[in-house]
Structure formats: structure tokens, C-alpha cells
Amino acid sequence: MEAIVYEEFGGPEVLRQASGVAVPEPGAGEVRVKVAAAGVNPLDHKRRRGWVEAFYPTVFPAVPGLEFAGTVDALGEGVGGVDVGDEVFGWTTTGAYAQYALSSLFLPKPAGLTWEQAASLPVAGETAARVLGLLGVRAGETLLLHGAAGVVGSVAVQLAVAAGATVVGTASDANHAYLRGLGAVPVAYGEGLADRIRAAVPDGVDAVFDAAGHDTLPLSVDLMGGRTRRIVTIAAPDAAELGIVFSGVTAPAPEVRAWLTHHARLATEGRLSVRLAQTFPLKEAARAQELSESGHARGKLILVP
């Protein structure tokens, strides 16, 4: 089969398209899927660079990609409730940048979602739900969300607003109209950010979700009056130096499955959306990851085998 592989850590140039890669065989509890769409995530380039080995150890040659949407091609032992030919989406165990992948954590793809929409939900939805849960965000509270216009940030905005929270989202000016449409109060990045946040929410913030990094944590601690208990980052691995929680490990499968089921229903009903930025053919995976790593992709990037 065709797949994108890398055999050493480095920049986008270490990614190559390989032919004749062995088609994976499903083990117990797994299905093999013919991939129709694969999501590109920041974690993909962080793993490619070797930055998150403590959480996600790499075995070379590695196939990138965490999330997929596709058609069941083969069933492993003990798999029930799904048949060959069914449309599913979820998380891969072998890498989604390929024509075929294995999965043990998947759900039926709703007919109302495109392949691209379905492949956009797993990682962003799980991350947003996990961090909001760690923060314990409740109705009536104010959440400060750094990087609110990104894929994870925008999903978190929608989930928090739906839960009854007020969300103040930091973003570039170009994304302010988008955030207002999601129900957030946008605040521009840059010098004077703390003052702009205080002006937007004079009563202060109750919790901080950092999806941006870039020196946002000291400012967040200051806005929280020196408290760090309800600050969580997914973008600053050195957060422990400030006594802040870095959340980088996926939640247990039962929770992930429940969240994915809920998010798929919301998406089908039009109450949760992921902004799609661009779709690339599989052979252009390096270009897609380069754009993702630049931080300038305004929405989700998708690969199509």
C-alpha cells in the first residue's frame, strides 16, 4: 500500500511517500479500514521532531496520523457490531497517513457528516473535552482560552459556551469575527493583552485553557491572582516549572468513546463545527505538516489517500 513514513526525527523533509508498505492485519478487537480522510494535527509534527517521546514513544519506520474516517475492510477476532463495508471514524493504532490503517477505537460515521468532517472530530474533541474536564468549567464561570481560533480552541469554545460559560478567546484580529460567531469574546494578541482581558471581563477569569503557548502562562497566572490550580496547557511542556498542569495524554478509551459519540451527534445537528482550511493529497503530507507547524493554517488540514 501507499503510506507516508519517516525513519528519523527532523523537519518535514524526513517524511516520504513509500510504496509497497505491508497492509496491516487486524488483531483482536481491531478493524482494518480503507482510509478516506486523515486529520493533520500539531501532535503529528511534534512526534516527527521527537519532542513528545515521553508521552508517545516512536518505533521506526513510523507512519504519522492519529485520526481517520474510512470504510471497514477487515475484522479482527472478537469485533462485533460492525461489518465490512461500514463507514466509521476514530483513532488509529498504526497511523492514518496511509491507504489502510488499524483501529480499536472507532464509531459509525454519521451519514450527515462528510469524510473530512468526521476525520476532524476525534483529536480536537477529545483534547477539548479532556481539558475542560480537568478545569471543571461550569455554567456562569468565565474561561480564558488562549489560541481560541485554532481547531482545538474553537471546539473548546463551542463546548464551553454550550455548557453556559463565558469564553474570552485570544486570537489575531483576522479571527475575531469567527470567534464572535462561536459565542466567544475575542481579544487580540500582543502587547497589552492582560489589560485588554481585564477590560473585557472586569470580574476576572475563573479558569485558563492554554492552547497557544508562546509565553501565555506567566500572564495567565497573573490574571488568576497568582493561582495555578485551574490553569491547564496543551502547548507548553515546561509548564511544570510554573506549577501548571500540562495535559498531553489521551483519556481512557471509554471516556473518549463517550465524548466522540456526543460530539458526532452535535456535529450532525449543526451545534458543533470544525473549520476546514485545506485538503491535501497524501503525497503532499510534508507540505500539510509544514503548514500546520507554521501556525498559520486557519482551520483543519486533511489528507486524502
# chains A, B, ... in the order shown; residues from 1 in each chain; ligands from 1
>>> residues_around(residues="Thr261 (chain A)", least_positions_apart="3", cutoff="12 Å", atoms="only C-alpha atoms", output="ChimeraX atom specification")
/A:88-90,105-110,118,121-122,125-126,254-258,264-268
>>> residues_around(residues="region 67-75 of chain A", least_positions_apart="5", cutoff="8 Å", atoms="only C-alpha atoms", output="PyMOL selection string")
chain A and resi 26+30-39+83-92+96+109+115-116+118-120+122-123
>>> write_last_selection(atoms="N, CA, C and O atoms", output="short mmCIF file (atom, residue, chain, number, x, y, z; two decimals), in the first residue's frame")
data_model
loop_
_atom_site.label_atom_id
_atom_site.label_comp_id
_atom_site.auth_asym_id
_atom_site.auth_seq_id
_atom_site.Cartn_x
_atom_site.Cartn_y
_atom_site.Cartn_z
N PRO A 26 -5.51 -6.85 11.10
CA PRO A 26 -6.15 -6.53 12.39
C PRO A 26 -5.97 -7.65 13.42
O PRO A 26 -6.12 -8.83 13.11
N GLU A 30 -9.63 -5.24 16.79
CA GLU A 30 -9.31 -4.20 15.83
C GLU A 30 -10.06 -4.40 14.51
O GLU A 30 -10.44 -5.53 14.17
N VAL A 31 -10.23 -3.30 13.80
CA VAL A 31 -10.70 -3.38 12.42
C VAL A 31 -9.63 -2.75 11.53
O VAL A 31 -8.86 -1.90 11.98
N ARG A 32 -9.60 -3.22 10.29
CA ARG A 32 -8.79 -2.53 9.30
C ARG A 32 -9.71 -1.65 8.47
O ARG A 32 -10.79 -2.10 8.07
N VAL A 33 -9.30 -0.42 8.25
CA VAL A 33 -10.12 0.50 7.47
C VAL A 33 -9.36 0.97 6.23
O VAL A 33 -8.14 1.11 6.24
N LYS A 34 -10.12 1.17 5.18
CA LYS A 34 -9.61 1.86 3.99
C LYS A 34 -9.81 3.34 4.25
O LYS A 34 -10.95 3.81 4.35
N VAL A 35 -8.74 4.07 4.41
CA VAL A 35 -8.80 5.46 4.85
C VAL A 35 -9.34 6.35 3.73
O VAL A 35 -8.84 6.33 2.60
N ALA A 36 -10.37 7.13 4.05
CA ALA A 36 -10.91 8.11 3.11
C ALA A 36 -10.42 9.51 3.42
O ALA A 36 -10.34 10.36 2.53
N ALA A 37 -10.12 9.79 4.69
CA ALA A 37 -9.60 11.10 5.10
C ALA A 37 -8.82 10.92 6.40
O ALA A 37 -9.21 10.13 7.27
N ALA A 38 -7.71 11.64 6.51
CA ALA A 38 -6.89 11.60 7.71
C ALA A 38 -6.66 13.02 8.20
O ALA A 38 -6.35 13.91 7.40
N GLY A 39 -6.81 13.24 9.50
CA GLY A 39 -6.59 14.56 10.06
C GLY A 39 -5.12 14.84 10.32
O GLY A 39 -4.36 13.94 10.68
N ASP A 83 -19.61 -4.30 10.39
CA ASP A 83 -19.39 -5.22 9.28
C ASP A 83 -18.46 -4.60 8.25
O ASP A 83 -18.31 -3.36 8.18
N VAL A 84 -17.86 -5.45 7.45
CA VAL A 84 -17.06 -4.98 6.33
C VAL A 84 -17.94 -4.10 5.44
O VAL A 84 -19.08 -4.44 5.15
N GLY A 85 -17.42 -2.96 5.06
CA GLY A 85 -18.18 -2.02 4.24
C GLY A 85 -18.81 -0.88 5.02
O GLY A 85 -19.25 0.11 4.43
N ASP A 86 -18.86 -1.00 6.35
CA ASP A 86 -19.43 0.07 7.18
C ASP A 86 -18.50 1.29 7.19
O ASP A 86 -17.27 1.16 7.18
N GLU A 87 -19.10 2.47 7.24
CA GLU A 87 -18.34 3.71 7.32
C GLU A 87 -18.13 4.07 8.79
O GLU A 87 -19.09 4.13 9.56
N VAL A 88 -16.86 4.30 9.15
CA VAL A 88 -16.51 4.56 10.55
C VAL A 88 -15.52 5.71 10.62
O VAL A 88 -14.96 6.15 9.61
N PHE A 89 -15.28 6.19 11.84
CA PHE A 89 -14.24 7.20 12.08
C PHE A 89 -13.74 7.03 13.49
O PHE A 89 -14.41 6.45 14.35
N GLY A 90 -12.53 7.51 13.74
CA GLY A 90 -11.97 7.37 15.07
C GLY A 90 -10.46 7.53 15.08
O GLY A 90 -9.90 8.31 14.32
N TRP A 91 -9.81 6.74 15.94
CA TRP A 91 -8.37 6.83 16.17
C TRP A 91 -7.66 5.60 15.60
O TRP A 91 -8.18 4.49 15.69
N THR A 92 -6.49 5.80 15.04
CA THR A 92 -5.74 4.67 14.50
C THR A 92 -4.72 4.15 15.51
O THR A 92 -4.27 4.89 16.40
N ALA A 96 -2.57 7.11 10.35
CA ALA A 96 -3.64 7.38 9.39
C ALA A 96 -3.15 7.90 8.05
O ALA A 96 -3.93 7.96 7.10
N LYS A 109 -19.73 6.32 11.26
CA LYS A 109 -19.73 7.69 10.76
C LYS A 109 -21.16 8.10 10.45
O LYS A 109 -21.84 7.45 9.68
N TRP A 115 -16.56 12.85 4.90
CA TRP A 115 -15.35 12.19 5.39
C TRP A 115 -14.46 13.19 6.12
O TRP A 115 -13.91 12.89 7.19
N GLU A 116 -14.31 14.37 5.52
CA GLU A 116 -13.44 15.39 6.11
C GLU A 116 -13.95 15.86 7.47
O GLU A 116 -13.17 16.03 8.41
N ALA A 118 -15.87 14.19 9.57
CA ALA A 118 -15.72 13.10 10.55
C ALA A 118 -14.28 12.96 11.01
O ALA A 118 -14.01 12.78 12.20
N ALA A 119 -13.33 13.07 10.08
CA ALA A 119 -11.91 12.93 10.44
C ALA A 119 -11.40 14.10 11.25
O ALA A 119 -10.31 14.02 11.85
N SER A 120 -12.15 15.19 11.31
CA SER A 120 -11.73 16.38 12.06
C SER A 120 -12.11 16.32 13.54
O SER A 120 -11.62 17.11 14.34
N PRO A 122 -12.14 13.56 16.10
CA PRO A 122 -11.59 12.79 17.22
C PRO A 122 -10.58 13.52 18.09
O PRO A 122 -10.74 13.62 19.31
N VAL A 123 -9.51 14.03 17.51
CA VAL A 123 -8.43 14.62 18.31
C VAL A 123 -8.88 15.93 18.96
O VAL A 123 -8.70 16.14 20.17
#
>>> residues_around(residues="region 205-211 of chain A", least_positions_apart="3", cutoff="7 Å", atoms="only C-alpha atoms", output="PDB file with all heavy atoms, in the first residue's frame")
ATOM      1  N   LEU A 135     -10.322  21.299  34.078  1.00  0.00           N
ATOM      2  CA  LEU A 135     -10.549  22.637  34.628  1.00  0.00           C
ATOM      3  C   LEU A 135     -11.845  22.727  35.426  1.00  0.00           C
ATOM      4  O   LEU A 135     -12.016  23.636  36.240  1.00  0.00           O
ATOM      5  CB  LEU A 135     -10.590  23.671  33.493  1.00  0.00           C
ATOM      6  CG  LEU A 135      -9.267  23.946  32.789  1.00  0.00           C
ATOM      7  CD1 LEU A 135      -9.494  24.796  31.548  1.00  0.00           C
ATOM      8  CD2 LEU A 135      -8.289  24.640  33.729  1.00  0.00           C
ATOM      9  N   GLU A 141     -19.362  30.555  34.868  1.00  0.00           N
ATOM     10  CA  GLU A 141     -17.958  30.906  35.045  1.00  0.00           C
ATOM     11  C   GLU A 141     -17.395  31.542  33.782  1.00  0.00           C
ATOM     12  O   GLU A 141     -17.988  31.464  32.703  1.00  0.00           O
ATOM     13  CB  GLU A 141     -17.139  29.666  35.415  1.00  0.00           C
ATOM     14  CG  GLU A 141     -17.463  29.106  36.786  1.00  0.00           C
ATOM     15  CD  GLU A 141     -16.484  28.054  37.239  1.00  0.00           C
ATOM     16  OE1 GLU A 141     -16.056  27.232  36.389  1.00  0.00           O
ATOM     17  OE2 GLU A 141     -16.142  28.041  38.430  1.00  0.00           O
ATOM     18  N   THR A 142     -16.221  32.158  33.925  1.00  0.00           N
ATOM     19  CA  THR A 142     -15.538  32.771  32.795  1.00  0.00           C
ATOM     20  C   THR A 142     -14.251  32.012  32.511  1.00  0.00           C
ATOM     21  O   THR A 142     -13.405  31.840  33.397  1.00  0.00           O
ATOM     22  CB  THR A 142     -15.210  34.248  33.076  1.00  0.00           C
ATOM     23  OG1 THR A 142     -16.432  34.972  33.250  1.00  0.00           O
ATOM     24  CG2 THR A 142     -14.426  34.857  31.919  1.00  0.00           C
ATOM     25  N   LEU A 143     -14.120  31.550  31.277  1.00  0.00           N
ATOM     26  CA  LEU A 143     -12.950  30.804  30.833  1.00  0.00           C
ATOM     27  C   LEU A 143     -12.114  31.670  29.901  1.00  0.00           C
ATOM     28  O   LEU A 143     -12.631  32.237  28.938  1.00  0.00           O
ATOM     29  CB  LEU A 143     -13.391  29.533  30.087  1.00  0.00           C
ATOM     30  CG  LEU A 143     -12.277  28.744  29.376  1.00  0.00           C
ATOM     31  CD1 LEU A 143     -11.359  28.075  30.395  1.00  0.00           C
ATOM     32  CD2 LEU A 143     -12.877  27.700  28.429  1.00  0.00           C
ATOM     33  N   LEU A 144     -10.831  31.772  30.185  1.00  0.00           N
ATOM     34  CA  LEU A 144      -9.888  32.411  29.273  1.00  0.00           C
ATOM     35  C   LEU A 144      -9.249  31.317  28.429  1.00  0.00           C
ATOM     36  O   LEU A 144      -8.691  30.358  28.971  1.00  0.00           O
ATOM     37  CB  LEU A 144      -8.813  33.168  30.051  1.00  0.00           C
ATOM     38  CG  LEU A 144      -7.636  33.716  29.231  1.00  0.00           C
ATOM     39  CD1 LEU A 144      -8.118  34.702  28.171  1.00  0.00           C
ATOM     40  CD2 LEU A 144      -6.599  34.354  30.160  1.00  0.00           C
ATOM     41  N   LEU A 145      -9.350  31.455  27.112  1.00  0.00           N
ATOM     42  CA  LEU A 145      -8.851  30.419  26.212  1.00  0.00           C
ATOM     43  C   LEU A 145      -7.840  31.034  25.246  1.00  0.00           C
ATOM     44  O   LEU A 145      -8.196  31.798  24.364  1.00  0.00           O
ATOM     45  CB  LEU A 145     -10.025  29.795  25.435  1.00  0.00           C
ATOM     46  CG  LEU A 145      -9.854  28.338  25.010  1.00  0.00           C
ATOM     47  CD1 LEU A 145     -11.190  27.725  24.631  1.00  0.00           C
ATOM     48  CD2 LEU A 145      -8.865  28.198  23.873  1.00  0.00           C
ATOM     49  N   HIS A 146      -6.576  30.695  25.455  1.00  0.00           N
ATOM     50  CA  HIS A 146      -5.528  31.165  24.558  1.00  0.00           C
ATOM     51  C   HIS A 146      -5.475  30.276  23.320  1.00  0.00           C
ATOM     52  O   HIS A 146      -5.475  29.052  23.420  1.00  0.00           O
ATOM     53  CB  HIS A 146      -4.160  31.116  25.256  1.00  0.00           C
ATOM     54  CG  HIS A 146      -4.026  32.046  26.411  1.00  0.00           C
ATOM     55  ND1 HIS A 146      -4.060  33.417  26.270  1.00  0.00           N
ATOM     56  CD2 HIS A 146      -3.857  31.797  27.740  1.00  0.00           C
ATOM     57  CE1 HIS A 146      -3.904  33.978  27.459  1.00  0.00           C
ATOM     58  NE2 HIS A 146      -3.779  33.022  28.366  1.00  0.00           N
ATOM     59  N   GLY A 147      -5.415  30.892  22.138  1.00  0.00           N
ATOM     60  CA  GLY A 147      -5.431  30.112  20.903  1.00  0.00           C
ATOM     61  C   GLY A 147      -6.836  29.664  20.555  1.00  0.00           C
ATOM     62  O   GLY A 147      -7.038  28.561  20.057  1.00  0.00           O
ATOM     63  N   GLY A 153      -8.947  24.887  20.052  1.00  0.00           N
ATOM     64  CA  GLY A 153      -9.523  26.035  20.742  1.00  0.00           C
ATOM     65  C   GLY A 153     -10.950  26.313  20.346  1.00  0.00           C
ATOM     66  O   GLY A 153     -11.808  26.576  21.201  1.00  0.00           O
ATOM     67  N   SER A 220      -1.157  34.351  32.427  1.00  0.00           N
ATOM     68  CA  SER A 220      -2.346  33.674  32.942  1.00  0.00           C
ATOM     69  C   SER A 220      -2.314  33.566  34.456  1.00  0.00           C
ATOM     70  O   SER A 220      -3.334  33.756  35.127  1.00  0.00           O
ATOM     71  CB  SER A 220      -2.461  32.273  32.320  1.00  0.00           C
ATOM     72  OG  SER A 220      -2.572  32.351  30.914  1.00  0.00           O
ATOM     73  N   MET A 224      -4.942  35.181  37.167  1.00  0.00           N
ATOM     74  CA  MET A 224      -5.598  34.330  38.167  1.00  0.00           C
ATOM     75  C   MET A 224      -5.184  34.691  39.586  1.00  0.00           C
ATOM     76  O   MET A 224      -5.429  33.928  40.520  1.00  0.00           O
ATOM     77  CB  MET A 224      -5.259  32.855  37.873  1.00  0.00           C
ATOM     78  CG  MET A 224      -5.905  32.299  36.613  1.00  0.00           C
ATOM     79  SD  MET A 224      -7.659  31.929  36.822  1.00  0.00           S
ATOM     80  CE  MET A 224      -7.591  30.446  37.839  1.00  0.00           C
ATOM     81  N   ARG A 230      -6.291  26.155  38.448  1.00  0.00           N
ATOM     82  CA  ARG A 230      -7.230  25.986  37.345  1.00  0.00           C
ATOM     83  C   ARG A 230      -6.669  26.577  36.044  1.00  0.00           C
ATOM     84  O   ARG A 230      -7.362  27.234  35.285  1.00  0.00           O
ATOM     85  CB  ARG A 230      -8.593  26.603  37.692  1.00  0.00           C
ATOM     86  CG  ARG A 230      -9.273  25.909  38.865  1.00  0.00           C
ATOM     87  CD  ARG A 230     -10.686  26.428  39.057  1.00  0.00           C
ATOM     88  NE  ARG A 230     -11.581  25.971  38.009  1.00  0.00           N
ATOM     89  CZ  ARG A 230     -12.836  26.416  37.841  1.00  0.00           C
ATOM     90  NH1 ARG A 230     -13.303  27.370  38.630  1.00  0.00           N
ATOM     91  NH2 ARG A 230     -13.594  25.941  36.875  1.00  0.00           N
ATOM     92  N   ILE A 231      -5.402  26.277  35.805  1.00  0.00           N
ATOM     93  CA  ILE A 231      -4.767  26.588  34.525  1.00  0.00           C
ATOM     94  C   ILE A 231      -4.245  25.285  33.960  1.00  0.00           C
ATOM     95  O   ILE A 231      -3.539  24.537  34.645  1.00  0.00           O
ATOM     96  CB  ILE A 231      -3.607  27.582  34.682  1.00  0.00           C
ATOM     97  CG1 ILE A 231      -4.070  28.872  35.369  1.00  0.00           C
ATOM     98  CG2 ILE A 231      -2.988  27.903  33.315  1.00  0.00           C
ATOM     99  CD1 ILE A 231      -2.932  29.844  35.672  1.00  0.00           C
ATOM    100  N   VAL A 232      -4.589  24.987  32.710  1.00  0.00           N
ATOM    101  CA  VAL A 232      -4.107  23.786  32.034  1.00  0.00           C
ATOM    102  C   VAL A 232      -3.623  24.180  30.650  1.00  0.00           C
ATOM    103  O   VAL A 232      -4.279  24.952  29.949  1.00  0.00           O
ATOM    104  CB  VAL A 232      -5.207  22.709  31.917  1.00  0.00           C
ATOM    105  CG1 VAL A 232      -4.701  21.512  31.105  1.00  0.00           C
ATOM    106  CG2 VAL A 232      -5.657  22.237  33.296  1.00  0.00           C
ATOM    107  N   THR A 233      -2.467  23.645  30.259  1.00  0.00           N
ATOM    108  CA  THR A 233      -1.932  23.905  28.931  1.00  0.00           C
ATOM    109  C   THR A 233      -1.768  22.611  28.139  1.00  0.00           C
ATOM    110  O   THR A 233      -1.498  21.555  28.723  1.00  0.00           O
ATOM    111  CB  THR A 233      -0.571  24.630  29.004  1.00  0.00           C
ATOM    112  OG1 THR A 233      -0.096  24.877  27.671  1.00  0.00           O
ATOM    113  CG2 THR A 233       0.458  23.799  29.751  1.00  0.00           C
ATOM    114  N   ILE A 234      -1.938  22.717  26.824  1.00  0.00           N
ATOM    115  CA  ILE A 234      -1.605  21.609  25.928  1.00  0.00           C
ATOM    116  C   ILE A 234      -0.457  22.021  25.009  1.00  0.00           C
ATOM    117  O   ILE A 234      -0.102  21.278  24.089  1.00  0.00           O
ATOM    118  CB  ILE A 234      -2.814  21.174  25.071  1.00  0.00           C
ATOM    119  CG1 ILE A 234      -3.308  22.337  24.194  1.00  0.00           C
ATOM    120  CG2 ILE A 234      -3.939  20.636  25.958  1.00  0.00           C
ATOM    121  CD1 ILE A 234      -4.330  21.930  23.133  1.00  0.00           C
ATOM    122  N   ALA A 235       0.113  23.212  25.252  1.00  0.00           N
ATOM    123  CA  ALA A 235       1.080  23.777  24.313  1.00  0.00           C
ATOM    124  C   ALA A 235       2.423  24.132  24.933  1.00  0.00           C
ATOM    125  O   ALA A 235       3.327  24.541  24.219  1.00  0.00           O
ATOM    126  CB  ALA A 235       0.481  25.026  23.660  1.00  0.00           C
TER     127      ALA A 235
END
>>> closest_residue(among="A:Gly29, A:Gly169, A:Gly225, A:Gly190", to="Asp203 (chain A)", atoms="only C-alpha atoms")
A:Gly225
>>> residues_around(residues="Gly248 (chain A)", least_positions_apart="2", cutoff="8 Å", atoms="only C-alpha atoms", output="ChimeraX atom specification")
/A:55,234,246,250
>>> decode(residues="region 266-287 of chain A", atoms="N, CA, C and O atoms", output="mmCIF file, in the first residue's frame")
data_model
loop_
_atom_site.group_PDB
_atom_site.id
_atom_site.type_symbol
_atom_site.label_atom_id
_atom_site.label_comp_id
_atom_site.auth_asym_id
_atom_site.auth_seq_id
_atom_site.Cartn_x
_atom_site.Cartn_y
_atom_site.Cartn_z
ATOM 1 N N LEU A 266 -23.626 16.245 18.073
ATOM 2 C CA LEU A 266 -23.679 17.704 17.997
ATOM 3 C C LEU A 266 -23.339 18.189 16.583
ATOM 4 O O LEU A 266 -23.974 19.113 16.065
ATOM 5 N N ALA A 267 -22.333 17.581 15.983
ATOM 6 C CA ALA A 267 -21.925 17.991 14.637
ATOM 7 C C ALA A 267 -23.022 17.698 13.626
ATOM 8 O O ALA A 267 -23.299 18.519 12.736
ATOM 9 N N THR A 268 -23.657 16.564 13.763
ATOM 10 C CA THR A 268 -24.737 16.199 12.843
ATOM 11 C C THR A 268 -25.906 17.166 12.983
ATOM 12 O O THR A 268 -26.581 17.492 11.996
ATOM 13 N N GLU A 269 -26.139 17.632 14.204
ATOM 14 C CA GLU A 269 -27.238 18.573 14.463
ATOM 15 C C GLU A 269 -26.855 20.022 14.158
ATOM 16 O O GLU A 269 -27.662 20.935 14.338
ATOM 17 N N GLY A 270 -25.613 20.242 13.729
ATOM 18 C CA GLY A 270 -25.170 21.594 13.409
ATOM 19 C C GLY A 270 -24.795 22.426 14.617
ATOM 20 O O GLY A 270 -24.663 23.651 14.516
ATOM 21 N N ARG A 271 -24.584 21.787 15.774
ATOM 22 C CA ARG A 271 -24.261 22.517 17.002
ATOM 23 C C ARG A 271 -22.779 22.464 17.364
ATOM 24 O O ARG A 271 -22.358 22.998 18.383
ATOM 25 N N LEU A 272 -21.973 21.792 16.535
ATOM 26 C CA LEU A 272 -20.528 21.750 16.719
ATOM 27 C C LEU A 272 -19.901 21.654 15.342
ATOM 28 O O LEU A 272 -20.298 20.810 14.530
ATOM 29 N N SER A 273 -18.943 22.526 15.080
ATOM 30 C CA SER A 273 -18.318 22.512 13.761
ATOM 31 C C SER A 273 -16.815 22.705 13.892
ATOM 32 O O SER A 273 -16.327 23.298 14.854
ATOM 33 N N VAL A 274 -16.105 22.178 12.911
ATOM 34 C CA VAL A 274 -14.665 22.382 12.799
ATOM 35 C C VAL A 274 -14.420 23.065 11.461
ATOM 36 O O VAL A 274 -14.837 22.572 10.423
ATOM 37 N N ARG A 275 -13.753 24.191 11.513
ATOM 38 C CA ARG A 275 -13.475 24.935 10.285
ATOM 39 C C ARG A 275 -12.412 24.199 9.469
ATOM 40 O O ARG A 275 -11.313 23.941 9.938
ATOM 41 N N LEU A 276 -12.752 23.847 8.243
ATOM 42 C CA LEU A 276 -11.816 23.155 7.362
ATOM 43 C C LEU A 276 -11.002 24.182 6.578
ATOM 44 O O LEU A 276 -11.557 25.059 5.916
ATOM 45 N N ALA A 277 -9.678 24.064 6.643
ATOM 46 C CA ALA A 277 -8.807 25.019 5.966
ATOM 47 C C ALA A 277 -8.403 24.535 4.580
ATOM 48 O O ALA A 277 -8.529 25.262 3.597
ATOM 49 N N GLN A 278 -7.927 23.295 4.495
ATOM 50 C CA GLN A 278 -7.404 22.821 3.217
ATOM 51 C C GLN A 278 -7.292 21.303 3.221
ATOM 52 O O GLN A 278 -7.038 20.691 4.266
ATOM 53 N N THR A 279 -7.505 20.717 2.058
ATOM 54 C CA THR A 279 -7.345 19.275 1.865
ATOM 55 C C THR A 279 -6.176 19.030 0.924
ATOM 56 O O THR A 279 -6.074 19.668 -0.125
ATOM 57 N N PHE A 280 -5.301 18.107 1.300
ATOM 58 C CA PHE A 280 -4.122 17.771 0.512
ATOM 59 C C PHE A 280 -4.178 16.303 0.086
ATOM 60 O O PHE A 280 -4.676 15.453 0.834
ATOM 61 N N PRO A 281 -3.614 15.961 -1.077
ATOM 62 C CA PRO A 281 -3.418 14.545 -1.389
ATOM 63 C C PRO A 281 -2.350 13.970 -0.464
ATOM 64 O O PRO A 281 -1.477 14.708 0.032
ATOM 65 N N LEU A 282 -2.395 12.674 -0.241
ATOM 66 C CA LEU A 282 -1.476 12.027 0.692
ATOM 67 C C LEU A 282 -0.021 12.355 0.376
ATOM 68 O O LEU A 282 0.784 12.578 1.286
ATOM 69 N N LYS A 283 0.328 12.398 -0.897
ATOM 70 C CA LYS A 283 1.729 12.617 -1.281
ATOM 71 C C LYS A 283 2.244 13.984 -0.831
ATOM 72 O O LYS A 283 3.460 14.207 -0.794
ATOM 73 N N GLU A 284 1.342 14.919 -0.479
ATOM 74 C CA GLU A 284 1.752 16.246 -0.027
ATOM 75 C C GLU A 284 1.680 16.380 1.491
ATOM 76 O O GLU A 284 1.510 17.469 2.031
ATOM 77 N N ALA A 285 1.857 15.269 2.186
ATOM 78 C CA ALA A 285 1.799 15.279 3.654
ATOM 79 C C ALA A 285 2.840 16.212 4.261
ATOM 80 O O ALA A 285 2.571 16.893 5.257
ATOM 81 N N ALA A 286 4.046 16.263 3.671
ATOM 82 C CA ALA A 286 5.085 17.138 4.211
ATOM 83 C C ALA A 286 4.643 18.596 4.134
ATOM 84 O O ALA A 286 4.868 19.376 5.075
ATOM 85 N N ARG A 287 4.015 18.977 3.020
ATOM 86 C CA ARG A 287 3.541 20.356 2.884
ATOM 87 C C ARG A 287 2.443 20.649 3.896
ATOM 88 O O ARG A 287 2.383 21.737 4.480
#
